[in-house]
$ cat final.txt   # compact mmCIF, N, CA and C atoms
# COMPACT_ATOMS: atom_id res chain seq x y z
N GLN P 50 115.47 49.80 130.65
CA GLN P 50 116.05 50.32 129.42
C GLN P 50 117.27 49.49 129.04
N VAL P 51 117.31 49.11 127.77
CA VAL P 51 118.43 48.30 127.29
C VAL P 51 119.69 49.13 127.29
N GLN P 52 120.75 48.54 127.83
CA GLN P 52 122.06 49.19 127.83
C GLN P 52 123.12 48.17 127.50
N PHE P 53 124.24 48.66 126.97
CA PHE P 53 125.37 47.80 126.64
C PHE P 53 126.63 48.35 127.28
N VAL P 54 127.54 47.45 127.57
CA VAL P 54 128.91 47.83 127.86
C VAL P 54 129.78 47.07 126.87
N GLU P 55 130.36 47.81 125.93
CA GLU P 55 131.21 47.22 124.91
C GLU P 55 132.67 47.30 125.37
N SER P 56 133.42 46.27 125.06
CA SER P 56 134.83 46.27 125.43
C SER P 56 135.60 45.38 124.48
N GLY P 57 136.92 45.50 124.51
CA GLY P 57 137.78 44.61 123.75
C GLY P 57 138.46 45.23 122.55
N GLY P 58 138.09 46.44 122.20
CA GLY P 58 138.74 47.08 121.07
C GLY P 58 140.16 47.50 121.42
N GLY P 59 140.88 47.96 120.40
CA GLY P 59 142.24 48.41 120.62
C GLY P 59 143.06 48.36 119.36
N LEU P 60 144.36 48.44 119.55
CA LEU P 60 145.33 48.42 118.46
C LEU P 60 145.95 47.03 118.36
N VAL P 61 145.97 46.47 117.17
CA VAL P 61 146.54 45.14 116.95
C VAL P 61 147.29 45.14 115.63
N GLN P 62 148.31 44.31 115.55
CA GLN P 62 149.08 44.21 114.31
C GLN P 62 148.34 43.34 113.30
N PRO P 63 148.59 43.54 112.03
CA PRO P 63 148.00 42.66 111.02
C PRO P 63 148.30 41.20 111.32
N GLY P 64 147.29 40.37 111.15
CA GLY P 64 147.40 38.96 111.47
C GLY P 64 147.04 38.62 112.89
N GLY P 65 146.86 39.62 113.72
CA GLY P 65 146.53 39.40 115.12
C GLY P 65 145.05 39.15 115.35
N SER P 66 144.70 39.03 116.63
CA SER P 66 143.32 38.71 117.02
C SER P 66 142.84 39.66 118.11
N LEU P 67 141.55 39.86 118.14
CA LEU P 67 140.88 40.59 119.22
C LEU P 67 139.55 39.91 119.49
N ARG P 68 139.08 40.05 120.72
CA ARG P 68 137.72 39.60 121.04
C ARG P 68 136.94 40.76 121.63
N LEU P 69 135.85 41.10 120.97
CA LEU P 69 134.96 42.14 121.44
C LEU P 69 133.87 41.53 122.31
N SER P 70 133.47 42.26 123.34
CA SER P 70 132.40 41.82 124.22
C SER P 70 131.33 42.89 124.30
N CYS P 71 130.09 42.45 124.41
CA CYS P 71 128.96 43.35 124.56
C CYS P 71 128.10 42.82 125.69
N ALA P 72 128.20 43.43 126.85
CA ALA P 72 127.45 43.01 128.03
C ALA P 72 126.10 43.73 128.04
N PHE P 73 125.03 42.96 128.05
CA PHE P 73 123.66 43.45 127.87
C PHE P 73 122.95 43.53 129.22
N SER P 74 122.11 44.54 129.37
CA SER P 74 121.28 44.63 130.57
C SER P 74 120.00 45.39 130.24
N GLY P 75 119.01 45.24 131.09
CA GLY P 75 117.81 46.03 130.97
C GLY P 75 116.60 45.34 130.38
N ASP P 76 116.76 44.12 129.91
CA ASP P 76 115.60 43.39 129.35
C ASP P 76 115.97 41.91 129.29
N ILE P 77 115.10 41.13 128.66
CA ILE P 77 115.31 39.69 128.58
C ILE P 77 116.26 39.39 127.42
N PHE P 78 117.46 38.97 127.74
CA PHE P 78 118.50 38.78 126.72
C PHE P 78 118.06 37.79 125.65
N SER P 79 117.32 36.78 126.04
CA SER P 79 117.02 35.68 125.12
C SER P 79 116.01 36.02 124.05
N ILE P 80 115.43 37.23 124.05
CA ILE P 80 114.52 37.60 122.97
C ILE P 80 115.18 38.59 122.01
N TYR P 81 116.49 38.75 122.16
CA TYR P 81 117.22 39.68 121.30
C TYR P 81 118.21 38.93 120.41
N ALA P 82 118.19 39.29 119.14
CA ALA P 82 119.30 38.94 118.27
C ALA P 82 120.40 39.97 118.54
N MET P 83 121.63 39.49 118.62
CA MET P 83 122.76 40.37 118.92
C MET P 83 123.67 40.46 117.70
N GLY P 84 124.10 41.65 117.40
CA GLY P 84 124.94 41.82 116.22
C GLY P 84 126.10 42.76 116.46
N TRP P 85 127.06 42.63 115.60
CA TRP P 85 128.18 43.57 115.53
C TRP P 85 128.22 44.15 114.13
N TYR P 86 128.25 45.47 114.09
CA TYR P 86 128.38 46.21 112.84
C TYR P 86 129.64 47.05 112.95
N ARG P 87 130.14 47.46 111.79
CA ARG P 87 131.34 48.29 111.83
C ARG P 87 131.23 49.42 110.83
N GLN P 88 131.94 50.50 111.13
CA GLN P 88 131.94 51.66 110.24
C GLN P 88 133.35 52.22 110.19
N ALA P 89 133.91 52.17 108.99
CA ALA P 89 135.23 52.74 108.76
C ALA P 89 135.06 54.20 108.34
N PRO P 90 136.10 55.01 108.50
CA PRO P 90 136.00 56.43 108.12
C PRO P 90 135.59 56.58 106.66
N GLY P 91 134.58 57.39 106.43
CA GLY P 91 134.14 57.66 105.07
C GLY P 91 133.31 56.57 104.44
N LYS P 92 132.97 55.54 105.20
CA LYS P 92 132.20 54.43 104.64
C LYS P 92 130.91 54.24 105.43
N GLN P 93 129.99 53.51 104.81
CA GLN P 93 128.72 53.20 105.47
C GLN P 93 128.92 52.10 106.51
N ARG P 94 128.04 52.10 107.48
CA ARG P 94 128.06 51.03 108.48
C ARG P 94 127.67 49.72 107.80
N GLU P 95 128.40 48.66 108.13
CA GLU P 95 128.14 47.37 107.51
C GLU P 95 128.10 46.27 108.56
N LEU P 96 127.43 45.20 108.19
CA LEU P 96 127.31 44.06 109.09
C LEU P 96 128.63 43.31 109.19
N ALA P 97 129.04 43.02 110.43
CA ALA P 97 130.12 42.07 110.65
C ALA P 97 129.52 40.68 110.90
N ALA P 98 128.63 40.62 111.90
CA ALA P 98 128.01 39.34 112.23
C ALA P 98 126.80 39.57 113.10
N VAL P 99 125.85 38.64 113.03
CA VAL P 99 124.67 38.69 113.89
C VAL P 99 124.36 37.27 114.34
N ILE P 100 123.86 37.15 115.56
CA ILE P 100 123.51 35.84 116.10
C ILE P 100 122.09 35.90 116.65
N SER P 101 121.29 34.92 116.28
CA SER P 101 119.90 34.87 116.70
C SER P 101 119.80 34.42 118.16
N PRO P 102 118.61 34.57 118.76
CA PRO P 102 118.45 34.06 120.13
C PRO P 102 118.77 32.58 120.25
N GLY P 103 118.53 31.82 119.21
CA GLY P 103 118.81 30.39 119.24
C GLY P 103 120.24 30.01 118.88
N GLY P 104 121.04 30.99 118.48
CA GLY P 104 122.45 30.73 118.20
C GLY P 104 122.83 30.66 116.73
N GLY P 105 121.87 30.83 115.83
CA GLY P 105 122.21 30.85 114.42
C GLY P 105 122.95 32.13 114.06
N ALA P 106 124.05 31.99 113.31
CA ALA P 106 124.90 33.13 113.00
C ALA P 106 124.91 33.45 111.52
N THR P 107 124.99 34.74 111.23
CA THR P 107 125.13 35.23 109.86
C THR P 107 126.29 36.20 109.85
N TYR P 108 127.12 36.12 108.80
CA TYR P 108 128.31 36.94 108.71
C TYR P 108 128.29 37.81 107.46
N GLY P 109 128.86 39.02 107.60
CA GLY P 109 129.10 39.83 106.44
C GLY P 109 130.23 39.21 105.63
N ASP P 110 130.29 39.57 104.35
CA ASP P 110 131.28 38.96 103.46
C ASP P 110 132.70 39.13 103.97
N SER P 111 132.99 40.29 104.54
CA SER P 111 134.36 40.56 104.99
C SER P 111 134.73 39.78 106.24
N ALA P 112 133.75 39.25 106.94
CA ALA P 112 134.01 38.55 108.20
C ALA P 112 134.05 37.04 108.04
N LYS P 113 133.51 36.54 106.96
CA LYS P 113 133.40 35.09 106.79
C LYS P 113 134.76 34.42 106.83
N GLY P 114 134.85 33.37 107.64
CA GLY P 114 136.08 32.60 107.75
C GLY P 114 137.10 33.15 108.72
N ARG P 115 136.87 34.39 109.20
CA ARG P 115 137.85 34.99 110.12
C ARG P 115 137.23 35.38 111.46
N PHE P 116 135.97 35.74 111.45
CA PHE P 116 135.29 36.20 112.66
C PHE P 116 134.30 35.14 113.13
N THR P 117 134.11 35.07 114.44
CA THR P 117 133.12 34.17 115.01
C THR P 117 132.31 34.92 116.06
N ILE P 118 131.00 34.92 115.89
CA ILE P 118 130.13 35.55 116.88
C ILE P 118 129.56 34.46 117.79
N SER P 119 129.40 34.80 119.05
CA SER P 119 128.83 33.85 120.00
C SER P 119 128.07 34.63 121.08
N ARG P 120 127.32 33.89 121.89
CA ARG P 120 126.58 34.55 122.97
C ARG P 120 126.53 33.61 124.17
N ASP P 121 126.53 34.22 125.33
CA ASP P 121 126.44 33.49 126.59
C ASP P 121 125.20 34.00 127.30
N HIS P 122 124.18 33.14 127.38
CA HIS P 122 122.91 33.59 127.94
C HIS P 122 123.00 33.81 129.45
N LEU P 123 123.84 33.05 130.13
CA LEU P 123 123.98 33.26 131.57
C LEU P 123 124.65 34.59 131.86
N ALA P 124 125.69 34.90 131.09
CA ALA P 124 126.42 36.15 131.28
C ALA P 124 125.74 37.32 130.58
N LYS P 125 124.73 37.05 129.74
CA LYS P 125 124.03 38.08 128.98
C LYS P 125 125.04 38.91 128.18
N THR P 126 125.90 38.21 127.50
CA THR P 126 126.97 38.86 126.76
C THR P 126 127.11 38.24 125.38
N ALA P 127 127.36 39.10 124.40
CA ALA P 127 127.68 38.64 123.05
C ALA P 127 129.15 38.94 122.78
N TYR P 128 129.77 38.07 121.98
CA TYR P 128 131.19 38.19 121.71
C TYR P 128 131.43 38.17 120.20
N LEU P 129 132.49 38.84 119.80
CA LEU P 129 132.96 38.73 118.42
C LEU P 129 134.45 38.43 118.47
N GLN P 130 134.80 37.20 118.14
CA GLN P 130 136.20 36.80 118.04
C GLN P 130 136.69 37.11 116.63
N MET P 131 137.71 37.93 116.54
CA MET P 131 138.23 38.35 115.24
C MET P 131 139.67 37.87 115.10
N ASN P 132 139.90 37.04 114.10
CA ASN P 132 141.22 36.49 113.83
C ASN P 132 141.73 36.96 112.48
N SER P 133 143.02 36.79 112.27
CA SER P 133 143.64 37.16 110.99
C SER P 133 143.26 38.58 110.57
N LEU P 134 143.38 39.49 111.49
CA LEU P 134 142.92 40.86 111.24
C LEU P 134 143.78 41.53 110.18
N LYS P 135 143.11 42.37 109.39
CA LYS P 135 143.74 43.09 108.29
C LYS P 135 143.59 44.59 108.53
N PRO P 136 144.45 45.40 107.93
CA PRO P 136 144.27 46.86 108.08
C PRO P 136 142.88 47.34 107.67
N GLU P 137 142.28 46.68 106.70
CA GLU P 137 140.95 47.09 106.25
C GLU P 137 139.84 46.74 107.25
N ASP P 138 140.19 46.03 108.31
CA ASP P 138 139.23 45.78 109.39
C ASP P 138 139.17 46.96 110.37
N THR P 139 140.05 47.93 110.19
CA THR P 139 140.04 49.10 111.04
C THR P 139 138.71 49.84 110.93
N ALA P 140 138.05 50.03 112.06
CA ALA P 140 136.73 50.64 112.08
C ALA P 140 136.27 50.80 113.52
N VAL P 141 135.18 51.54 113.69
CA VAL P 141 134.47 51.51 114.96
C VAL P 141 133.46 50.36 114.88
N TYR P 142 133.48 49.51 115.86
CA TYR P 142 132.59 48.36 115.91
C TYR P 142 131.47 48.64 116.92
N TYR P 143 130.23 48.46 116.44
CA TYR P 143 129.06 48.77 117.24
C TYR P 143 128.28 47.50 117.57
N CYS P 144 127.89 47.37 118.81
CA CYS P 144 127.01 46.29 119.23
C CYS P 144 125.56 46.72 118.96
N ASN P 145 124.77 45.78 118.50
CA ASN P 145 123.35 46.02 118.21
C ASN P 145 122.52 44.91 118.83
N ALA P 146 121.38 45.29 119.39
CA ALA P 146 120.45 44.30 119.92
C ALA P 146 119.09 44.53 119.28
N LEU P 147 118.53 43.50 118.70
CA LEU P 147 117.23 43.57 118.03
C LEU P 147 116.23 42.68 118.75
N ASN P 148 115.17 43.32 119.29
CA ASN P 148 114.10 42.55 119.91
C ASN P 148 113.33 41.84 118.80
N VAL P 149 113.38 40.52 118.81
CA VAL P 149 112.79 39.77 117.68
C VAL P 149 111.27 39.79 117.72
N ARG P 150 110.67 40.22 118.84
CA ARG P 150 109.21 40.30 118.92
C ARG P 150 108.70 41.65 118.46
N THR P 151 109.33 42.72 118.90
CA THR P 151 108.84 44.07 118.60
C THR P 151 109.60 44.74 117.47
N ARG P 152 110.76 44.19 117.09
CA ARG P 152 111.67 44.74 116.08
C ARG P 152 112.33 46.04 116.53
N GLN P 153 112.18 46.38 117.78
CA GLN P 153 112.90 47.53 118.31
C GLN P 153 114.38 47.16 118.43
N ASP P 154 115.25 48.06 117.99
CA ASP P 154 116.66 47.76 118.14
C ASP P 154 117.39 48.87 118.87
N TYR P 155 118.54 48.51 119.39
CA TYR P 155 119.34 49.41 120.20
C TYR P 155 120.80 49.30 119.76
N TRP P 156 121.50 50.43 119.90
CA TRP P 156 122.91 50.49 119.49
C TRP P 156 123.80 50.86 120.66
N GLY P 157 124.98 50.25 120.70
CA GLY P 157 125.99 50.67 121.63
C GLY P 157 126.74 51.88 121.10
N GLN P 158 127.67 52.38 121.90
CA GLN P 158 128.39 53.59 121.52
C GLN P 158 129.60 53.30 120.65
N GLY P 159 129.98 52.05 120.56
CA GLY P 159 131.06 51.67 119.65
C GLY P 159 132.39 51.53 120.36
N THR P 160 133.22 50.68 119.78
CA THR P 160 134.58 50.50 120.27
C THR P 160 135.52 50.49 119.07
N GLN P 161 136.61 51.21 119.19
CA GLN P 161 137.54 51.37 118.07
C GLN P 161 138.45 50.16 117.95
N VAL P 162 138.56 49.66 116.73
CA VAL P 162 139.53 48.61 116.40
C VAL P 162 140.46 49.16 115.34
N THR P 163 141.75 49.14 115.62
CA THR P 163 142.74 49.63 114.68
C THR P 163 143.74 48.52 114.40
N VAL P 164 143.89 48.19 113.12
CA VAL P 164 144.83 47.15 112.71
C VAL P 164 145.96 47.84 111.95
N SER P 165 147.11 47.85 112.56
CA SER P 165 148.23 48.57 111.97
C SER P 165 149.54 48.05 112.54
N SER P 166 150.57 48.10 111.69
CA SER P 166 151.90 47.71 112.16
C SER P 166 152.67 48.94 112.64

$ encode --input "final.txt" --output "structure tokens"
Amino acid sequence: QVQFVESGGGLVQPGGSLRLSCAFSGDIFSIYAMGWYRQAPGKQRELAAVISPGGGATYGDSAKGRFTISRDHLAKTAYLQMNSLKPEDTAVYYCNALNVRTRQDYWGQGTQVTVSS
């Protein structure tokens, strides 16, 4: 069974940086696209970034130029490096894994990111 351990969230001042990690287990990591989505209070969940098994990345509009998604196949972990954080980046960030063969996807429990002075 696919499972995640998400880490790296917390409180940061505007302009600061955080790196989120999503440690994957339970299946073959290399057949999953890994993504980070976020949901702010009162808003719909939206894409932050997704990375394909081959390393191609796609970013949501709010993440472009500030966030970088990456993956380490040996460590079976996906990362989201977030720089130049703004108060509007405050949200719960969820890790997602999509099996590119079966289209089955899985969600983590989320990690809170709060950007505030």

$ atom_distance --input "final.txt" --atom1 "atom C of Tyr86 of chain P" --atom2 "atom N of Thr139 of chain P"
10.8 Å

$ residues_around --input "final.txt" --residues "Val54 of chain P" --least-positions-apart "6" --cutoff "8 Å" --atoms "all atoms listed in the file" --output "list of chain:residue names"
P:Ser70, P:Cys71, P:Ala72, P:Phe73, P:Ser74, P:Gly157, P:Gln158

$ atom_distance --input "final.txt" --atom1 "atom CA of Ala82 of chain P" --atom2 "atom CA of Gly57 of chain P"
20.1 Å

$ residues_near_point --input "final.txt" --point "(135.8, 41.4, 112.3)" --cutoff "8 Å" --atoms "all atoms listed in the file" --output "NGL selection string"
:P and (97-98 or 111-113 or 115-117 or 129-132 or 134-135 or 138)

$ closest_residue --input "final.txt" --among "P:Gln93, P:Ser133, P:Ile118, P:Val149" --to "Gly105 of chain P" --atoms "all atoms listed in the file"
P:Ile118

$ atom_distance --input "final.txt" --atom1 "atom CA of Pro63 of chain P" --atom2 "atom N of Val162 of chain P"
13.1 Å

$ closest_residue --input "final.txt" --among "P:Ser119, P:Thr160, P:Ser101, P:Ser165" --to "Glu137 of chain P" --atoms "only C-alpha atoms"
P:Ser165

$ select_by_dssp --input "final.txt" --residues "chain P" --states "strand (DSSP E)" --output "compact mmCIF listing (two decimals) with N, CA and C atoms, in the frame of the given file"
# COMPACT_ATOMS: atom_id res chain seq x y z
N GLN P 52 120.75 48.54 127.83
CA GLN P 52 122.06 49.19 127.83
C GLN P 52 123.12 48.17 127.50
N PHE P 53 124.24 48.66 126.97
CA PHE P 53 125.37 47.80 126.64
C PHE P 53 126.63 48.35 127.28
N VAL P 54 127.54 47.45 127.57
CA VAL P 54 128.91 47.83 127.86
C VAL P 54 129.78 47.07 126.87
N GLU P 55 130.36 47.81 125.93
CA GLU P 55 131.21 47.22 124.91
C GLU P 55 132.67 47.30 125.37
N SER P 56 133.42 46.27 125.06
CA SER P 56 134.83 46.27 125.43
C SER P 56 135.60 45.38 124.48
N GLY P 59 140.88 47.96 120.40
CA GLY P 59 142.24 48.41 120.62
C GLY P 59 143.06 48.36 119.36
N LEU P 60 144.36 48.44 119.55
CA LEU P 60 145.33 48.42 118.46
C LEU P 60 145.95 47.03 118.36
N VAL P 61 145.97 46.47 117.17
CA VAL P 61 146.54 45.14 116.95
C VAL P 61 147.29 45.14 115.63
N LEU P 67 141.55 39.86 118.14
CA LEU P 67 140.88 40.59 119.22
C LEU P 67 139.55 39.91 119.49
N ARG P 68 139.08 40.05 120.72
CA ARG P 68 137.72 39.60 121.04
C ARG P 68 136.94 40.76 121.63
N LEU P 69 135.85 41.10 120.97
CA LEU P 69 134.96 42.14 121.44
C LEU P 69 133.87 41.53 122.31
N SER P 70 133.47 42.26 123.34
CA SER P 70 132.40 41.82 124.22
C SER P 70 131.33 42.89 124.30
N CYS P 71 130.09 42.45 124.41
CA CYS P 71 128.96 43.35 124.56
C CYS P 71 128.10 42.82 125.69
N ALA P 72 128.20 43.43 126.85
CA ALA P 72 127.45 43.01 128.03
C ALA P 72 126.10 43.73 128.04
N PHE P 73 125.03 42.96 128.05
CA PHE P 73 123.66 43.45 127.87
C PHE P 73 122.95 43.53 129.22
N SER P 74 122.11 44.54 129.37
CA SER P 74 121.28 44.63 130.57
C SER P 74 120.00 45.39 130.24
N TYR P 81 116.49 38.75 122.16
CA TYR P 81 117.22 39.68 121.30
C TYR P 81 118.21 38.93 120.41
N ALA P 82 118.19 39.29 119.14
CA ALA P 82 119.30 38.94 118.27
C ALA P 82 120.40 39.97 118.54
N MET P 83 121.63 39.49 118.62
CA MET P 83 122.76 40.37 118.92
C MET P 83 123.67 40.46 117.70
N GLY P 84 124.10 41.65 117.40
CA GLY P 84 124.94 41.82 116.22
C GLY P 84 126.10 42.76 116.46
N TRP P 85 127.06 42.63 115.60
CA TRP P 85 128.18 43.57 115.53
C TRP P 85 128.22 44.15 114.13
N TYR P 86 128.25 45.47 114.09
CA TYR P 86 128.38 46.21 112.84
C TYR P 86 129.64 47.05 112.95
N ARG P 87 130.14 47.46 111.79
CA ARG P 87 131.34 48.29 111.83
C ARG P 87 131.23 49.42 110.83
N GLN P 88 131.94 50.50 111.13
CA GLN P 88 131.94 51.66 110.24
C GLN P 88 133.35 52.22 110.19
N GLU P 95 128.40 48.66 108.13
CA GLU P 95 128.14 47.37 107.51
C GLU P 95 128.10 46.27 108.56
N LEU P 96 127.43 45.20 108.19
CA LEU P 96 127.31 44.06 109.09
C LEU P 96 128.63 43.31 109.19
N ALA P 97 129.04 43.02 110.43
CA ALA P 97 130.12 42.07 110.65
C ALA P 97 129.52 40.68 110.90
N ALA P 98 128.63 40.62 111.90
CA ALA P 98 128.01 39.34 112.23
C ALA P 98 126.80 39.57 113.10
N VAL P 99 125.85 38.64 113.03
CA VAL P 99 124.67 38.69 113.89
C VAL P 99 124.36 37.27 114.34
N ILE P 100 123.86 37.15 115.56
CA ILE P 100 123.51 35.84 116.10
C ILE P 100 122.09 35.90 116.65
N ALA P 106 124.05 31.99 113.31
CA ALA P 106 124.90 33.13 113.00
C ALA P 106 124.91 33.45 111.52
N THR P 107 124.99 34.74 111.23
CA THR P 107 125.13 35.23 109.86
C THR P 107 126.29 36.20 109.85
N TYR P 108 127.12 36.12 108.80
CA TYR P 108 128.31 36.94 108.71
C TYR P 108 128.29 37.81 107.46
N PHE P 116 135.97 35.74 111.45
CA PHE P 116 135.29 36.20 112.66
C PHE P 116 134.30 35.14 113.13
N THR P 117 134.11 35.07 114.44
CA THR P 117 133.12 34.17 115.01
C THR P 117 132.31 34.92 116.06
N ILE P 118 131.00 34.92 115.89
CA ILE P 118 130.13 35.55 116.88
C ILE P 118 129.56 34.46 117.79
N SER P 119 129.40 34.80 119.05
CA SER P 119 128.83 33.85 120.00
C SER P 119 128.07 34.63 121.08
N ARG P 120 127.32 33.89 121.89
CA ARG P 120 126.58 34.55 122.97
C ARG P 120 126.53 33.61 124.17
N ASP P 121 126.53 34.22 125.33
CA ASP P 121 126.44 33.49 126.59
C ASP P 121 125.20 34.00 127.30
N THR P 126 125.90 38.21 127.50
CA THR P 126 126.97 38.86 126.76
C THR P 126 127.11 38.24 125.38
N ALA P 127 127.36 39.10 124.40
CA ALA P 127 127.68 38.64 123.05
C ALA P 127 129.15 38.94 122.78
N TYR P 128 129.77 38.07 121.98
CA TYR P 128 131.19 38.19 121.71
C TYR P 128 131.43 38.17 120.20
N LEU P 129 132.49 38.84 119.80
CA LEU P 129 132.96 38.73 118.42
C LEU P 129 134.45 38.43 118.47
N GLN P 130 134.80 37.20 118.14
CA GLN P 130 136.20 36.80 118.04
C GLN P 130 136.69 37.11 116.63
N MET P 131 137.71 37.93 116.54
CA MET P 131 138.23 38.35 115.24
C MET P 131 139.67 37.87 115.10
N ALA P 140 138.05 50.03 112.06
CA ALA P 140 136.73 50.64 112.08
C ALA P 140 136.27 50.80 113.52
N VAL P 141 135.18 51.54 113.69
CA VAL P 141 134.47 51.51 114.96
C VAL P 141 133.46 50.36 114.88
N TYR P 142 133.48 49.51 115.86
CA TYR P 142 132.59 48.36 115.91
C TYR P 142 131.47 48.64 116.92
N TYR P 143 130.23 48.46 116.44
CA TYR P 143 129.06 48.77 117.24
C TYR P 143 128.28 47.50 117.57
N CYS P 144 127.89 47.37 118.81
CA CYS P 144 127.01 46.29 119.23
C CYS P 144 125.56 46.72 118.96
N ASN P 145 124.77 45.78 118.50
CA ASN P 145 123.35 46.02 118.21
C ASN P 145 122.52 44.91 118.83
N ALA P 146 121.38 45.29 119.39
CA ALA P 146 120.45 44.30 119.92
C ALA P 146 119.09 44.53 119.28
N LEU P 147 118.53 43.50 118.70
CA LEU P 147 117.23 43.57 118.03
C LEU P 147 116.23 42.68 118.75
N ASN P 148 115.17 43.32 119.29
CA ASN P 148 114.10 42.55 119.91
C ASN P 148 113.33 41.84 118.80
N ASP P 154 115.25 48.06 117.99
CA ASP P 154 116.66 47.76 118.14
C ASP P 154 117.39 48.87 118.87
N TYR P 155 118.54 48.51 119.39
CA TYR P 155 119.34 49.41 120.20
C TYR P 155 120.80 49.30 119.76
N TRP P 156 121.50 50.43 119.90
CA TRP P 156 122.91 50.49 119.49
C TRP P 156 123.80 50.86 120.66
N THR P 160 133.22 50.68 119.78
CA THR P 160 134.58 50.50 120.27
C THR P 160 135.52 50.49 119.07
N GLN P 161 136.61 51.21 119.19
CA GLN P 161 137.54 51.37 118.07
C GLN P 161 138.45 50.16 117.95
N VAL P 162 138.56 49.66 116.73
CA VAL P 162 139.53 48.61 116.40
C VAL P 162 140.46 49.16 115.34
N THR P 163 141.75 49.14 115.62
CA THR P 163 142.74 49.63 114.68
C THR P 163 143.74 48.52 114.40
N VAL P 164 143.89 48.19 113.12
CA VAL P 164 144.83 47.15 112.71
C VAL P 164 145.96 47.84 111.95

$ residues_around --input "final.txt" --residues "Trp156 of chain P" --least-positions-apart "4" --cutoff "7 Å" --atoms "only C-alpha atoms" --output "PyMOL selection string"
chain P and resi 143-146

$ build_atoms --input "final.txt" --residues "segment 61-74 of chain P" --atoms "N, CA, C and O atoms" --output "CSV table (one decimal), in the coordinates of the input"
chain,number,residue,atom,x,y,z
P,61,VAL,N,146.0,46.5,117.2
P,61,VAL,CA,146.5,45.1,117.0
P,61,VAL,C,147.3,45.1,115.6
P,61,VAL,O,146.9,45.9,114.7
P,62,GLN,N,148.3,44.3,115.6
P,62,GLN,CA,149.1,44.2,114.3
P,62,GLN,C,148.3,43.3,113.3
P,62,GLN,O,147.5,42.5,113.7
P,63,PRO,N,148.6,43.5,112.0
P,63,PRO,CA,148.0,42.7,111.0
P,63,PRO,C,148.3,41.2,111.3
P,63,PRO,O,149.4,40.8,111.7
P,64,GLY,N,147.3,40.4,111.2
P,64,GLY,CA,147.4,39.0,111.5
P,64,GLY,C,147.0,38.6,112.9
P,64,GLY,O,146.9,37.4,113.2
P,65,GLY,N,146.9,39.6,113.7
P,65,GLY,CA,146.5,39.4,115.1
P,65,GLY,C,145.0,39.2,115.4
P,65,GLY,O,144.3,39.1,114.4
P,66,SER,N,144.7,39.0,116.6
P,66,SER,CA,143.3,38.7,117.0
P,66,SER,C,142.8,39.7,118.1
P,66,SER,O,143.6,40.2,118.9
P,67,LEU,N,141.6,39.9,118.1
P,67,LEU,CA,140.9,40.6,119.2
P,67,LEU,C,139.6,39.9,119.5
P,67,LEU,O,139.0,39.3,118.6
P,68,ARG,N,139.1,40.0,120.7
P,68,ARG,CA,137.7,39.6,121.0
P,68,ARG,C,136.9,40.8,121.6
P,68,ARG,O,137.3,41.3,122.6
P,69,LEU,N,135.8,41.1,121.0
P,69,LEU,CA,135.0,42.1,121.4
P,69,LEU,C,133.9,41.5,122.3
P,69,LEU,O,133.4,40.4,122.0
P,70,SER,N,133.5,42.3,123.3
P,70,SER,CA,132.4,41.8,124.2
P,70,SER,C,131.3,42.9,124.3
P,70,SER,O,131.6,44.1,124.3
P,71,CYS,N,130.1,42.4,124.4
P,71,CYS,CA,129.0,43.4,124.6
P,71,CYS,C,128.1,42.8,125.7
P,71,CYS,O,127.4,41.8,125.5
P,72,ALA,N,128.2,43.4,126.8
P,72,ALA,CA,127.4,43.0,128.0
P,72,ALA,C,126.1,43.7,128.0
P,72,ALA,O,126.1,45.0,128.0
P,73,PHE,N,125.0,43.0,128.0
P,73,PHE,CA,123.7,43.4,127.9
P,73,PHE,C,123.0,43.5,129.2
P,73,PHE,O,123.1,42.7,130.1
P,74,SER,N,122.1,44.5,129.4
P,74,SER,CA,121.3,44.6,130.6
P,74,SER,C,120.0,45.4,130.2
P,74,SER,O,119.9,46.1,129.2
